[in-house]
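Trainee: Below you'll find the structure I mean.
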Amino acid sequence: MAADTPFAHESPPAVGSAGQPAGGLVAAAAQLTVTRRYERIAAVYDLFNRPMDRGGALARRKRIVGRALGDTLEVGVGTGRNLALYQPGVRLVATDVAPAMLERAARRAAAAPIPVRLERADVQQLPYLDASFETVLATCLFCSVPDPVAGLRELRRVVRPGGRVLLLEHVRPRNLVLGRVADVLSLVTSRLLGPHLNRRTEGNVRAAGLRIVEGRSEGIWRESVAQA
Ligand SMILES: C[S@@+](CC[C@H](N)C(=O)[O-])C[C@H]1O[C@@H](n2cnc3c(N)ncnc32)[C@H](O)[C@@H]1O
């Protein structure tokens with residue numbers, strides 16, 4: 001594909017020395033468990049999320065997604081709850097690891113106000129060239145990814161210099177007691193559904209070498225704009 005076509009971002013997937021996915025078998029097994037969980041809950045995912053969106057998450061989604069510009073990569077697109085919210089002018093590649101989630105996203109992609117290409121990809125090992133995208137976006141993803149810092153490093157790699165990484169994530173409460181409650185609840189949610197409730201995502205963003213240039217906090221929610 002020519003370098004100036006809208007979706008010319010492909011590169012061969014990274015593999016380790018034994019031909020296994022980078023990160024090794026343990027990492028691959030951890031991801032498989034997460035992927036299977038989302039395969040299982042894909043049919044009811046929107047049912048769980050509707051009340052959350054009505055309770056304020058939709059306004060946050062609109063705010064963060066509305067900032068995407070130009071060639072954009074959305075990672076962990078899920079059932080495509082953000083797809084209707086992009087502004088004209090965005091050309092979107094949207095990825096997820098779980099085929100059942102992508103199937104649902106495909107229905108929303110067909111009705112989206114912008115061109116969308118859906119692909120199956122693991123955020124910890126993105127099949128895109130360095131500096132491919134002006135905007136990279138994730139909502140409610142890094143609670144589920146087994147190695148969030150590896151995923152965030154990939155976002156740093158594929159975003160263009162001067163481009164932006166846009167994140168909307170729920171994080172571990174700062175309050176000592178609520179933080180502990182989140183630790184306990186997380187044992188259940190991560191096993192039954194997928195998401196951890198106690199991720200320290202802002203710390204992970206910095207650990208991945210990204211700079212947070214804007215942030216907004218509301219309870220457990222963090223909206224962050226980061227740059228490489
Ligand atoms: C909580 S859902 C969020 C979906 C969507 N972003 C939203 O805001 O509704 C987490 C999504 O991340 C996907 N996921 C989990 N691990 C992933 C990975 N390593 N790479 C890409 N997607 C992943 C799951 O399949 C699921 O669709």
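All residue names refer to the structure tokens as shown: chains lettered A, B, ... in order, residues numbered from 1 in each chain, ligands numbered from 1 in order.
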Residues within 7 Å of ligand 1 (only C-alpha atoms and all ligand atoms), as a CSV table (one decimal) with C-alpha atoms, in the first residue's frame?
Mentor:
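Output file pocket_18.csv follows:
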```csv
chain,number,residue,atom,x,y,z
A,31,GLN,CA,-3.8,-12.2,27.2
A,34,VAL,CA,-8.5,-11.8,29.0
A,35,THR,CA,-9.5,-12.2,25.4
A,38,TYR,CA,-14.4,-10.5,26.5
A,75,VAL,CA,-7.1,0.6,20.5
A,76,GLY,CA,-9.5,-1.8,22.4
A,77,VAL,CA,-12.5,-0.4,20.5
A,78,GLY,CA,-14.8,-3.0,22.1
A,79,THR,CA,-18.3,-2.9,20.7
A,80,GLY,CA,-17.6,0.5,19.2
A,81,ARG,CA,-19.3,2.7,21.7
A,82,ASN,CA,-17.1,5.7,20.6
A,95,THR,CA,-8.6,-2.5,16.9
A,96,ASP,CA,-9.4,-5.0,19.5
A,97,VAL,CA,-8.2,-8.5,20.4
A,98,ALA,CA,-11.7,-10.1,20.8
A,101,MET,CA,-16.3,-7.4,20.3
A,121,ALA,CA,-4.6,-6.4,17.1
A,122,ASP,CA,-3.1,-6.6,20.5
A,123,VAL,CA,-2.2,-3.2,21.9
A,124,GLN,CA,0.9,-4.7,23.5
A,138,ALA,CA,-8.2,4.4,24.2
A,139,THR,CA,-11.2,4.4,26.6
A,140,CYS,CA,-11.6,1.9,29.4
A,141,LEU,CA,-8.8,-0.3,28.0
A,144,SER,CA,-8.0,-5.0,31.1
A,145,VAL,CA,-4.6,-5.3,29.4
A,146,PRO,CA,-2.3,-7.8,31.2
A,195,PRO,CA,-11.4,-5.2,34.1
```
Trainee: I need the residues of range 4-222 of chain A that end up classed as strand (DSSP E or B) by DSSP on the backbone, written out as an MDAnalysis selection string.
Mentor: chainID A and resid 10 15 21 71:75 91:96 116:120 128 133:139 159:170 211:218 221:222
Trainee: Which residues, written as a list in words, have at least one atom at most 12 Å from Arg40 in chain A, with only C-alpha atoms counted and residues fewer than 2 positions away on the same chain left out?
Mentor: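 The residues that qualify are Thr33, Val34, Thr35, Arg36, Arg37, Tyr38, Ala42, Ala43, Val44, Tyr45, Ala98, Pro99, Ala100, Met101, Leu192, Leu193 and Gly194 of chain A.
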Trainee: Within 12 Å of Val213 in chain A, counting only C-alpha atoms, which residues show up once you throw out same-chain ones fewer than 4 positions away? Write them as a list of chain:residue names, please.
Mentor: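 The residues that qualify are A:Gly162, A:Gly163, A:Arg164, A:Val165, A:Leu166, A:Leu167, A:Glu202, A:Val205, A:Arg206, A:Glu223, A:Ser224, A:Val225, A:Ala226, A:Gln227, A:Ala228.
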Trainee: Measuring atom to atom with only C-alpha atoms, identify which of A:Tyr128, A:Phe142, A:Phe133, A:Tyr86 is nearest to Ile64 in chain A.
Mentor: A:Tyr86
Trainee: Can you check which parts of range 41-60 of chain A lie within 12 Å of range 65-74 of chain A? Per residue, the shortest pair of atoms and distance in Å to one decimal, counting only C-alpha atoms, sorted by chain and number, as a tab-separated table.
Mentor:
```
residue	atom	partner	partner_atom	distance
A:Ala57	CA	A:Val65	CA	11.8
A:Leu58	CA	A:Val65	CA	10.2
A:Ala59	CA	A:Val65	CA	10.0
A:Arg60	CA	A:Val65	CA	8.4
```
Trainee: Between A:Ile114, A:Arg108, A:Leu126, A:Trp221, which one has atoms that come closest to Gln87 in chain A, using only C-alpha atoms?
Mentor: A:Ile114
